[in-house]
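Raw contents of protein-v1.csv, CSV, C-alpha atoms and all ligand atoms:
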```
chain,number,residue,atom,x,y,z
Z,1,MET,CA,-1.8,-2.9,24.7
Z,2,ASN,CA,-4.0,-3.6,21.7
Z,3,LEU,CA,-2.4,-5.6,18.9
Z,4,ILE,CA,-3.8,-4.4,15.6
Z,5,ASP,CA,-4.2,-7.6,13.6
Z,6,GLY,CA,-3.7,-6.8,9.9
Z,7,LYS,CA,-4.6,-10.3,8.8
Z,8,GLN,CA,-7.9,-10.2,10.6
Z,9,ILE,CA,-8.9,-6.8,9.2
Z,10,ALA,CA,-7.7,-7.8,5.8
Z,11,ALA,CA,-10.0,-10.8,5.9
Z,12,LYS,CA,-12.9,-8.5,6.7
Z,13,VAL,CA,-12.0,-6.2,3.9
Z,14,LYS,CA,-11.8,-9.1,1.5
Z,15,GLY,CA,-15.3,-10.2,2.5
Z,16,GLU,CA,-16.6,-6.8,1.6
Z,17,VAL,CA,-14.7,-6.9,-1.7
Z,18,ALA,CA,-16.1,-10.3,-2.5
Z,19,THR,CA,-19.7,-9.0,-2.0
Z,20,GLU,CA,-19.0,-6.1,-4.4
Z,21,VAL,CA,-17.4,-8.4,-7.0
Z,22,ARG,CA,-20.5,-10.6,-6.9
Z,23,ALA,CA,-22.9,-7.6,-7.2
Z,24,LEU,CA,-20.9,-6.5,-10.3
Z,25,ALA,CA,-21.0,-10.0,-11.8
Z,26,ALA,CA,-24.8,-10.0,-11.4
Z,27,ARG,CA,-24.8,-6.9,-13.6
Z,28,GLY,CA,-22.6,-8.7,-16.2
Z,29,VAL,CA,-19.2,-7.2,-15.2
Z,30,GLN,CA,-16.4,-9.6,-14.2
Z,31,THR,CA,-13.8,-7.6,-12.3
Z,32,GLY,CA,-10.3,-8.0,-13.6
Z,33,LEU,CA,-6.8,-7.1,-12.4
Z,34,THR,CA,-3.7,-7.4,-14.6
Z,35,VAL,CA,-0.3,-7.5,-13.1
Z,36,VAL,CA,2.8,-6.8,-15.1
Z,37,ARG,CA,6.1,-8.2,-13.8
Z,38,VAL,CA,9.4,-7.6,-15.5
Z,39,GLY,CA,12.4,-9.8,-14.8
Z,40,ASP,CA,13.0,-12.3,-12.0
Z,41,ASP,CA,13.3,-10.4,-8.7
Z,42,PRO,CA,12.5,-13.3,-6.3
Z,43,ALA,CA,10.6,-11.0,-3.8
Z,44,SER,CA,8.4,-9.8,-6.7
Z,45,ALA,CA,7.7,-13.4,-7.8
Z,46,ILE,CA,6.5,-14.3,-4.3
Z,47,TYR,CA,4.5,-11.1,-3.9
Z,48,VAL,CA,2.7,-11.5,-7.3
Z,49,ARG,CA,1.9,-15.1,-6.4
Z,50,GLY,CA,0.2,-13.8,-3.3
Z,51,LYS,CA,-1.8,-11.3,-5.3
Z,52,ARG,CA,-3.1,-14.1,-7.6
Z,53,LYS,CA,-4.3,-16.0,-4.5
Z,54,ASP,CA,-6.0,-12.9,-3.1
Z,55,CYS,CA,-7.8,-12.3,-6.3
Z,56,GLU,CA,-9.0,-15.9,-6.5
Z,57,GLU,CA,-10.4,-15.6,-2.9
Z,58,VAL,CA,-12.6,-12.6,-3.8
Z,59,GLY,CA,-13.6,-13.6,-7.3
Z,60,ILE,CA,-11.4,-11.1,-9.2
Z,61,THR,CA,-10.0,-12.5,-12.5
Z,62,SER,CA,-6.2,-11.9,-12.4
Z,63,VAL,CA,-3.9,-12.1,-15.3
Z,64,GLU,CA,-0.1,-11.8,-15.0
Z,65,HIS,CA,2.2,-10.7,-17.8
Z,66,HIS,CA,5.6,-11.9,-17.0
Z,67,LEU,CA,8.2,-10.2,-19.3
Z,68,PRO,CA,11.9,-10.9,-19.5
Z,69,ALA,CA,14.4,-8.5,-17.7
Z,70,THR,CA,15.6,-7.4,-21.2
Z,71,THR,CA,12.2,-6.0,-22.1
Z,72,THR,CA,12.6,-2.5,-23.5
Z,73,GLN,CA,10.7,0.5,-22.3
Z,74,ALA,CA,8.9,0.8,-25.7
Z,75,GLU,CA,7.7,-2.8,-25.4
Z,76,LEU,CA,6.4,-2.1,-21.9
Z,77,LEU,CA,4.7,1.0,-22.9
Z,78,ALA,CA,3.1,-0.8,-25.8
Z,79,LEU,CA,1.7,-3.5,-23.4
Z,80,ILE,CA,0.3,-0.8,-21.1
Z,81,ALA,CA,-1.4,0.9,-24.1
Z,82,ARG,CA,-3.1,-2.5,-25.0
Z,83,LEU,CA,-4.2,-3.0,-21.4
Z,84,ASN,CA,-5.5,0.6,-21.2
Z,85,ALA,CA,-7.7,-0.2,-24.2
Z,86,ASP,CA,-8.9,-3.6,-23.0
Z,87,PRO,CA,-12.4,-3.4,-21.4
Z,88,ALA,CA,-11.8,-6.7,-19.4
Z,89,VAL,CA,-9.0,-5.0,-17.5
Z,90,HIS,CA,-10.2,-2.8,-14.7
Z,91,GLY,CA,-7.0,-2.5,-12.8
Z,92,ILE,CA,-3.4,-2.5,-13.9
Z,93,LEU,CA,-0.4,-2.9,-11.5
Z,94,VAL,CA,3.2,-2.8,-12.7
Z,95,GLN,CA,5.2,-4.5,-10.1
Z,96,LEU,CA,8.1,-2.4,-8.7
Z,97,PRO,CA,11.1,-2.3,-8.9
Z,98,LEU,CA,11.5,-2.3,-12.6
Z,99,PRO,CA,14.9,-3.1,-14.3
Z,100,LYS,CA,17.3,-0.2,-14.2
Z,101,HIS,CA,17.2,0.5,-17.9
Z,102,VAL,CA,13.5,1.3,-17.7
Z,103,ASP,CA,12.2,4.7,-16.6
Z,104,GLU,CA,9.8,3.8,-13.8
Z,105,ARG,CA,8.0,7.2,-13.7
Z,106,ALA,CA,7.3,7.1,-17.5
Z,107,VAL,CA,5.8,3.6,-17.1
Z,108,LEU,CA,3.6,4.5,-14.2
Z,109,ASP,CA,2.5,7.7,-16.0
Z,110,ALA,CA,1.4,5.6,-19.0
Z,111,ILE,CA,-1.2,3.6,-17.0
Z,112,SER,CA,-4.6,5.1,-17.4
Z,113,PRO,CA,-5.6,7.0,-14.2
Z,114,ALA,CA,-8.9,5.1,-14.5
Z,115,LYS,CA,-7.1,1.8,-14.3
Z,116,ASP,CA,-4.5,2.7,-11.7
Z,117,ALA,CA,-4.8,0.0,-9.1
Z,118,ASP,CA,-1.8,1.3,-7.1
Z,119,GLY,CA,-2.9,5.0,-7.1
Z,120,PHE,CA,0.5,6.0,-8.3
Z,121,HIS,CA,-0.5,8.1,-11.4
Z,122,PRO,CA,0.2,11.8,-11.0
Z,123,PHE,CA,-3.5,12.6,-11.6
Z,124,ASN,CA,-4.5,10.3,-8.7
Z,125,VAL,CA,-1.7,11.6,-6.5
Z,126,GLY,CA,-2.9,15.2,-7.1
Z,127,ALA,CA,-6.5,14.2,-6.4
Z,128,LEU,CA,-5.5,12.8,-3.0
Z,129,SER,CA,-3.6,16.0,-2.2
Z,130,ILE,CA,-6.6,18.3,-3.0
Z,131,GLY,CA,-9.3,15.9,-1.6
Z,132,ILE,CA,-11.0,14.7,-4.8
Z,133,ALA,CA,-13.0,11.6,-3.8
Z,134,GLY,CA,-13.6,8.4,-5.8
Z,135,VAL,CA,-10.1,7.9,-7.1
Z,136,PRO,CA,-7.7,5.1,-6.2
Z,137,ARG,CA,-5.3,5.7,-3.3
Z,138,PRO,CA,-2.0,4.1,-2.6
Z,139,CYS,CA,-2.7,0.8,-1.0
Z,140,THR,CA,-0.3,0.9,2.0
Z,141,PRO,CA,-1.4,4.2,3.5
Z,142,ALA,CA,-5.0,3.4,2.6
Z,143,GLY,CA,-4.6,0.2,4.5
Z,144,VAL,CA,-3.1,2.0,7.5
Z,145,MET,CA,-6.1,4.4,7.6
Z,146,ARG,CA,-8.5,1.4,7.6
Z,147,MET,CA,-6.5,-0.2,10.5
Z,148,LEU,CA,-6.7,3.0,12.5
Z,149,ASP,CA,-10.5,3.1,11.9
Z,150,GLU,CA,-10.9,-0.5,12.9
Z,151,ALA,CA,-8.8,0.1,16.1
Z,152,LYS,CA,-11.1,3.1,16.8
Z,153,VAL,CA,-8.2,5.5,16.6
Z,154,ASP,CA,-9.4,8.9,15.4
Z,155,PRO,CA,-6.4,11.0,14.1
Z,156,LYS,CA,-8.3,14.3,14.6
Z,157,GLY,CA,-6.2,16.7,16.7
Z,158,LYS,CA,-3.5,14.2,17.3
Z,159,ARG,CA,0.2,14.6,16.6
Z,160,ALA,CA,1.0,12.1,13.8
Z,161,LEU,CA,4.6,11.5,12.8
Z,162,VAL,CA,5.3,9.7,9.5
Z,163,VAL,CA,8.9,8.6,9.2
Z,164,GLY,CA,9.9,8.1,5.5
Z,165,ARG,CA,9.0,10.4,2.6
Z,166,SER,CA,8.6,7.9,-0.3
Z,167,ASN,CA,6.0,8.6,-3.0
Z,168,ILE,CA,4.3,5.2,-2.3
Z,169,VAL,CA,4.0,5.4,1.5
Z,170,GLY,CA,5.3,8.4,3.4
Z,171,LYS,CA,4.0,11.3,1.3
Z,172,PRO,CA,0.5,9.9,0.7
Z,173,MET,CA,0.3,8.7,4.3
Z,174,ALA,CA,0.9,12.3,5.5
Z,175,MET,CA,-1.9,13.5,3.2
Z,176,MET,CA,-4.4,11.0,4.5
Z,177,LEU,CA,-3.6,11.8,8.1
Z,178,LEU,CA,-3.9,15.5,7.3
Z,179,GLU,CA,-7.3,14.9,5.6
Z,180,ARG,CA,-8.4,13.3,8.9
Z,181,HIS,CA,-7.3,16.4,10.8
Z,182,ALA,CA,-4.1,15.1,12.5
Z,183,THR,CA,-1.2,17.5,13.0
Z,184,VAL,CA,1.3,15.9,10.7
Z,185,THR,CA,5.0,15.8,10.8
Z,186,LEU,CA,6.9,14.1,8.0
Z,187,ALA,CA,10.4,13.0,9.1
Z,188,HIS,CA,13.2,11.4,7.0
Z,189,SER,CA,16.8,10.5,6.9
Z,190,ARG,CA,17.9,14.2,7.4
Z,191,THR,CA,15.6,14.9,10.3
Z,192,ALA,CA,17.8,16.3,13.1
Z,193,ASP,CA,16.3,14.7,16.2
Z,194,LEU,CA,14.3,11.6,15.2
Z,195,ALA,CA,14.1,10.4,18.8
Z,196,GLY,CA,12.7,13.7,19.9
Z,197,GLU,CA,10.1,13.7,17.1
Z,198,VAL,CA,9.0,10.1,17.9
Z,199,GLY,CA,8.7,11.0,21.6
Z,200,ARG,CA,6.1,13.7,20.8
Z,201,ALA,CA,4.0,11.5,18.4
Z,202,ASP,CA,0.5,10.2,19.4
Z,203,ILE,CA,0.4,8.3,16.2
Z,204,LEU,CA,3.7,7.0,14.7
Z,205,VAL,CA,3.9,5.5,11.2
Z,206,ALA,CA,7.3,4.1,10.5
Z,207,ALA,CA,8.1,3.6,6.8
Z,208,ILE,CA,11.8,3.8,6.6
Z,209,GLY,CA,13.0,0.3,5.5
Z,210,LYS,CA,15.7,-0.1,8.1
Z,211,ALA,CA,15.3,-3.0,10.6
Z,212,GLU,CA,14.4,-1.7,14.1
Z,213,LEU,CA,15.7,1.8,13.5
Z,214,VAL,CA,13.0,3.2,15.8
Z,215,LYS,CA,13.8,2.3,19.4
Z,216,GLY,CA,11.0,1.3,21.7
Z,217,ALA,CA,12.3,3.6,24.4
Z,218,TRP,CA,11.6,6.6,22.0
Z,219,VAL,CA,7.9,5.8,21.8
Z,220,LYS,CA,5.5,8.1,23.7
Z,221,GLU,CA,3.6,6.3,26.5
Z,222,GLY,CA,0.2,5.4,25.1
Z,223,ALA,CA,1.1,6.1,21.4
Z,224,VAL,CA,-0.4,4.2,18.5
Z,225,VAL,CA,2.5,2.5,16.5
Z,226,ILE,CA,2.1,1.5,12.9
Z,227,ASP,CA,5.0,-0.4,11.5
Z,228,VAL,CA,5.2,-0.4,7.6
Z,229,GLY,CA,8.7,-1.8,7.5
Z,230,MET,CA,9.4,-5.3,6.3
Z,231,ASN,CA,13.1,-6.2,6.7
Z,232,ARG,CA,14.5,-9.6,6.2
Z,233,LEU,CA,17.3,-10.4,8.7
Z,234,ALA,CA,20.3,-12.6,7.9
Z,235,ASP,CA,18.6,-15.5,9.9
Z,236,GLY,CA,15.5,-15.2,7.7
Z,237,LYS,CA,13.4,-13.5,10.3
Z,238,LEU,CA,11.1,-10.7,9.1
Z,239,VAL,CA,11.2,-7.6,11.3
Z,240,GLY,CA,9.7,-4.1,11.1
Z,241,ASP,CA,11.3,-0.6,11.3
Z,242,VAL,CA,10.4,-0.5,15.0
Z,243,GLU,CA,11.8,-2.5,18.0
Z,244,PHE,CA,8.6,-4.4,18.5
Z,245,ALA,CA,8.7,-5.7,22.1
Z,246,ALA,CA,10.1,-2.5,23.7
Z,247,ALA,CA,7.6,-0.3,21.7
Z,248,ALA,CA,4.7,-2.6,22.6
Z,249,ALA,CA,5.5,-2.1,26.3
Z,250,ARG,CA,4.8,1.7,25.9
Z,251,ALA,CA,2.2,1.8,23.1
Z,252,SER,CA,-1.6,1.7,23.5
Z,253,ALA,CA,-1.9,-0.1,20.2
Z,254,ILE,CA,0.7,-1.5,17.7
Z,255,THR,CA,0.9,-3.5,14.5
Z,256,PRO,CA,3.0,-6.6,14.2
Z,257,VAL,CA,5.4,-7.6,11.4
Z,258,PRO,CA,4.5,-9.8,9.7
Z,259,GLY,CA,0.7,-9.9,9.9
Z,260,GLY,CA,0.2,-6.1,10.1
Z,261,VAL,CA,0.4,-3.6,7.3
Z,262,GLY,CA,1.5,-6.1,4.6
Z,263,PRO,CA,-1.8,-8.0,4.4
Z,264,MET,CA,-3.7,-4.7,4.5
Z,265,THR,CA,-1.7,-3.4,1.5
Z,266,ARG,CA,-2.8,-6.5,-0.5
Z,267,ALA,CA,-6.4,-6.1,0.6
Z,268,MET,CA,-6.5,-2.5,-0.4
Z,269,LEU,CA,-5.3,-3.4,-3.9
Z,270,LEU,CA,-8.5,-5.6,-4.2
Z,271,VAL,CA,-10.6,-2.6,-3.0
Z,272,ASN,CA,-9.1,-0.3,-5.6
Z,273,THR,CA,-9.6,-2.9,-8.3
Z,274,VAL,CA,-13.3,-3.4,-7.6
Z,275,GLU,CA,-13.9,0.3,-7.2
Z,276,LEU,CA,-12.3,0.9,-10.6
Z,277,ALA,CA,-14.6,-1.8,-12.0
Z,278,LYS,CA,-17.7,-0.2,-10.5
Z,279,ARG,CA,-16.8,3.1,-12.1
Z,280,THR,CA,-17.1,1.5,-15.5
Z,281,VAL,CA,-20.8,0.8,-15.1
Z,282,ARG,CA,-22.0,4.0,-13.5
L,301,LIG,N1,3.4,-1.7,-8.0
L,301,LIG,C1,3.6,-2.2,-6.8
L,301,LIG,N2,2.7,-2.1,-5.9
L,301,LIG,C2,3.0,-2.6,-4.6
L,301,LIG,O1,2.1,-2.6,-3.7
L,301,LIG,C3,4.2,-3.2,-4.4
L,301,LIG,C4,5.2,-3.3,-5.4
L,301,LIG,N3,4.8,-2.7,-6.6
L,301,LIG,N4,6.4,-3.9,-5.2
L,301,LIG,C5,6.7,-4.5,-4.0
L,301,LIG,C6,6.0,-3.9,-2.8
L,301,LIG,C7,6.0,-4.9,-1.6
L,301,LIG,N5,4.6,-5.1,-1.3
L,301,LIG,C8,4.2,-6.0,-0.3
L,301,LIG,C9,2.9,-5.9,0.3
L,301,LIG,C10,2.5,-6.8,1.2
L,301,LIG,C11,3.3,-7.8,1.7
L,301,LIG,C12,2.9,-8.8,2.7
L,301,LIG,O2,1.7,-9.2,2.8
L,301,LIG,N6,3.8,-9.2,3.6
L,301,LIG,C13,3.5,-10.2,4.7
L,301,LIG,C14,4.7,-11.1,5.0
L,301,LIG,C15,5.2,-11.9,3.8
L,301,LIG,C16,6.5,-12.6,4.2
L,301,LIG,O3,6.4,-13.4,5.2
L,301,LIG,O4,7.5,-12.5,3.5
L,301,LIG,C17,3.2,-9.5,6.0
L,301,LIG,O5,3.6,-8.4,6.2
L,301,LIG,O6,2.6,-10.2,6.8
L,301,LIG,C18,4.6,-7.9,1.1
L,301,LIG,C19,5.0,-7.0,0.2
L,301,LIG,C20,3.9,-4.5,-2.2
L,301,LIG,N7,4.6,-3.8,-3.1
```
Could you write out this file's structure as structure tokens?
Amino acid sequence: MNLIDGKQIAAKVKGEVATEVRALAARGVQTGLTVVRVGDDPASAIYVRGKRKDCEEVGITSVEHHLPATTTQAELLALIARLNADPAVHGILVQLPLPKHVDERAVLDAISPAKDADGFHPFNVGALSIGIAGVPRPCTPAGVMRMLDEAKVDPKGKRALVVGRSNIVGKPMAMMLLERHATVTLAHSRTADLAGEVGRADILVAAIGKAELVKGAWVKEGAVVIDVGMNRLADGKLVGDVEFAAAAARASAITPVPGGVGPMTRAMLLVNTVELAKRTVR
């Protein structure tokens, strides 16, 4: 069984990004990412701090706008308009979730597609689905594809099962696997026989958000298992959506939690940001 080490692959990706950032700097362009955080969700605070550190490591200038939870949608849209117009800002990320009184979709739609570090803008989502290259892609599924490549797993002709149909992971993940010629099934909470679907999958991507919902005994012998889940148990332990030990006993390769997809998501945000910066000088 091959453990696919997200931390190690993320370090390699960061090295590549640092090289690109330096090359841009030599041409007079200092790559910049701006993160907008609204309110005081503790997980968001930790995550945004991690992003600042990642940016420092690769030479990207990062700016955080931390707004109070009472910020109105109009104020948020006004800030995004300013960032859209600021040439020092190459990438914009609005940390999710937003407070309930804000229309999340309207905010994401206001980010210029040319500065969309998350790849969540409808233009970029559409570009992914019809195969337009050179636009930002959602970081988590893009990170998963890089992990498959590094582990020498070619999706072509394989049965890939994606569990979870979110706009940020499941749906774009299915599109990326399809683009690489997998036979893709997208399962979700209303899927009739999840165990049966998992048992047929050569590549399993679990992005459900429920601790150890996918049982190891369901996993096909020799399957590649990618666990996108990050669930905090009552005792503070972080576990994925897959029963790790039992799945690892059957899988040919598997990602750990933590240290798997999470670090890759962060690394791909840096990739998207430097790619957006490169597009401004071509
Ligand atoms: N606009 C937006 N874009 C996002 O990409 C986004 C977001 N909002 N909101 C929140 C989620 C969550 N997310 C994480 C990514 C990596 C780790 C990560 O690196 N986790 C470590 C473990 C960290 C720990 O130990 O708690 C790991 O898996 O090894 C965590 C969380 C990005 N998100």
Checklist outcome for this item: Counting only C-alpha atoms, the residue among Z:Ala246, Z:Glu75, Z:Glu275, Z:Phe120 that lies closest to Ala23 in chain Z is Z:Glu275
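Note that the spacing between CA of Ala160 in chain Z and CA of Pro97 in chain Z amounts to 28.7 Å.
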Item to check | Expected answer as JSON, numbers by chain: residues within 8 Å of ligand LIG 301 (chain L), only C-alpha atoms and all ligand atoms | outcome: {"Z": [6, 7, 43, 44, 47, 50, 93, 94, 95, 96, 97, 118, 138, 139, 140, 230, 238, 257, 258, 259, 260, 261, 262, 263, 264, 265, 266, 269]}
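What separates CA of Arg232 in chain Z from CA of Ala251 in chain Z is a distance of 23.8 Å.
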Checklist outcome for this item: Min atom-atom distance to Leu270 in chain Z from the set Z:Arg52, Z:His101, Z:Arg165, Z:Arg37, counting all atoms listed in the file, belongs to Z:Arg52
As a PDB file with C-alpha atoms, in the coordinates of the input, please: the residues near Glu179 in chain Z (cut-off 9 Å, only C-alpha atoms, same-chain neighbours under 4 positions excluded).
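Written output follows (result22.pdb):
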```
ATOM      1  CA  SER Z 129      -3.600  16.000  -2.200  1.00  0.00           C
ATOM      2  CA  GLY Z 131      -9.300  15.900  -1.600  1.00  0.00           C
ATOM      3  CA  ALA Z 174       0.900  12.300   5.500  1.00  0.00           C
ATOM      4  CA  MET Z 175      -1.900  13.500   3.200  1.00  0.00           C
TER       5      MET Z 175
END
```
Item to check | Among listed residues Z:Leu3, Z:Val35, Z:Thr19, Z:Ala253, nearest Ser62 in chain Z (using only C-alpha atoms) | outcome: Z:Val35
Item to check | Interatomic distance, CA of Ile168 in chain Z to CA of Lys237 in chain Z (Å, one decimal) | outcome: 24.3 Å
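Using all atoms listed in the file, the nearest neighbour of Leu128 in chain Z within the list Z:Gly209, Z:Pro172, Z:Pro141, Z:Gly59 is Z:Pro172.
If you measure from each of Z:Arg146, Z:Arg137, Z:His66, Z:Lys210 to Val13 in chain Z using all atoms listed in the file, the closest one turns out to be Z:Arg146.
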With all heavy atoms as the goal, would you fill in the gaps in range 177-187 of chain Z and present it as a tab-separated table (two decimals), in the frame of the given file?
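Saved the output as selection.tsv:
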```tsv
chain	number	residue	atom	x	y	z
Z	177	LEU	N	-3.49	11.39	6.70
Z	177	LEU	CA	-3.60	11.80	8.10
Z	177	LEU	C	-4.05	13.23	8.24
Z	177	LEU	O	-4.85	13.59	9.10
Z	177	LEU	CB	-2.30	11.51	8.85
Z	177	LEU	CG	-1.98	10.03	9.08
Z	177	LEU	CD1	-0.50	9.83	9.40
Z	177	LEU	CD2	-2.86	9.46	10.20
Z	178	LEU	N	-3.51	14.06	7.35
Z	178	LEU	CA	-3.90	15.50	7.30
Z	178	LEU	C	-5.38	15.64	7.02
Z	178	LEU	O	-6.09	16.43	7.65
Z	178	LEU	CB	-3.02	16.20	6.29
Z	178	LEU	CG	-3.18	17.70	6.17
Z	178	LEU	CD1	-2.81	18.40	7.46
Z	178	LEU	CD2	-2.28	18.21	5.02
Z	179	GLU	N	-5.84	14.87	6.03
Z	179	GLU	CA	-7.30	14.90	5.60
Z	179	GLU	C	-8.16	14.55	6.82
Z	179	GLU	O	-9.28	15.05	6.93
Z	179	GLU	CB	-7.45	13.88	4.50
Z	179	GLU	CG	-8.85	13.67	4.02
Z	179	GLU	CD	-8.91	12.60	2.95
Z	179	GLU	OE1	-8.38	11.48	3.16
Z	179	GLU	OE2	-9.46	12.89	1.87
Z	180	ARG	N	-7.65	13.70	7.71
Z	180	ARG	CA	-8.40	13.30	8.90
Z	180	ARG	C	-8.05	14.19	10.11
Z	180	ARG	O	-8.29	13.82	11.25
Z	180	ARG	CB	-8.18	11.83	9.20
Z	180	ARG	CG	-8.72	10.90	8.11
Z	180	ARG	CD	-10.23	10.76	8.13
Z	180	ARG	NE	-10.66	10.24	9.41
Z	180	ARG	CZ	-10.69	8.95	9.73
Z	180	ARG	NH1	-10.36	8.05	8.83
Z	180	ARG	NH2	-11.08	8.56	10.92
Z	181	HIS	N	-7.48	15.33	9.82
Z	181	HIS	CA	-7.30	16.40	10.80
Z	181	HIS	C	-6.25	16.12	11.89
Z	181	HIS	O	-6.32	16.65	12.99
Z	181	HIS	CB	-8.63	16.74	11.49
Z	181	HIS	CG	-9.77	16.90	10.52
Z	181	HIS	ND1	-9.78	17.90	9.58
Z	181	HIS	CD2	-10.88	16.15	10.31
Z	181	HIS	CE1	-10.88	17.78	8.85
Z	181	HIS	NE2	-11.56	16.74	9.26
Z	182	ALA	N	-5.27	15.27	11.56
Z	182	ALA	CA	-4.10	15.10	12.50
Z	182	ALA	C	-3.18	16.32	12.23
Z	182	ALA	O	-3.22	16.98	11.19
Z	182	ALA	CB	-3.36	13.83	12.18
Z	183	THR	N	-2.34	16.60	13.22
Z	183	THR	CA	-1.20	17.50	13.00
Z	183	THR	C	-0.03	16.70	12.62
Z	183	THR	O	0.47	15.88	13.40
Z	183	THR	CB	-0.93	18.27	14.37
Z	183	THR	OG1	-2.11	18.99	14.75
Z	183	THR	CG2	0.24	19.23	14.22
Z	184	VAL	N	0.36	16.85	11.35
Z	184	VAL	CA	1.30	15.90	10.70
Z	184	VAL	C	2.69	16.39	10.63
Z	184	VAL	O	2.92	17.51	10.17
Z	184	VAL	CB	0.74	15.48	9.34
Z	184	VAL	CG1	1.68	14.48	8.68
Z	184	VAL	CG2	-0.67	14.92	9.42
Z	185	THR	N	3.63	15.56	11.04
Z	185	THR	CA	5.00	15.80	10.80
Z	185	THR	C	5.58	14.70	9.91
Z	185	THR	O	5.25	13.53	10.12
Z	185	THR	CB	5.82	15.80	12.15
Z	185	THR	OG1	5.28	16.79	13.02
Z	185	THR	CG2	7.32	16.08	11.93
Z	186	LEU	N	6.36	15.10	8.90
Z	186	LEU	CA	6.90	14.10	8.00
Z	186	LEU	C	8.46	14.13	8.20
Z	186	LEU	O	9.14	15.11	7.86
Z	186	LEU	CB	6.57	14.51	6.55
Z	186	LEU	CG	6.82	13.55	5.40
Z	186	LEU	CD1	6.42	12.13	5.75
Z	186	LEU	CD2	6.02	14.00	4.18
Z	187	ALA	N	8.96	13.08	8.81
Z	187	ALA	CA	10.40	13.00	9.10
Z	187	ALA	C	11.08	12.08	8.09
Z	187	ALA	O	10.42	11.32	7.38
Z	187	ALA	CB	10.60	12.43	10.52
```
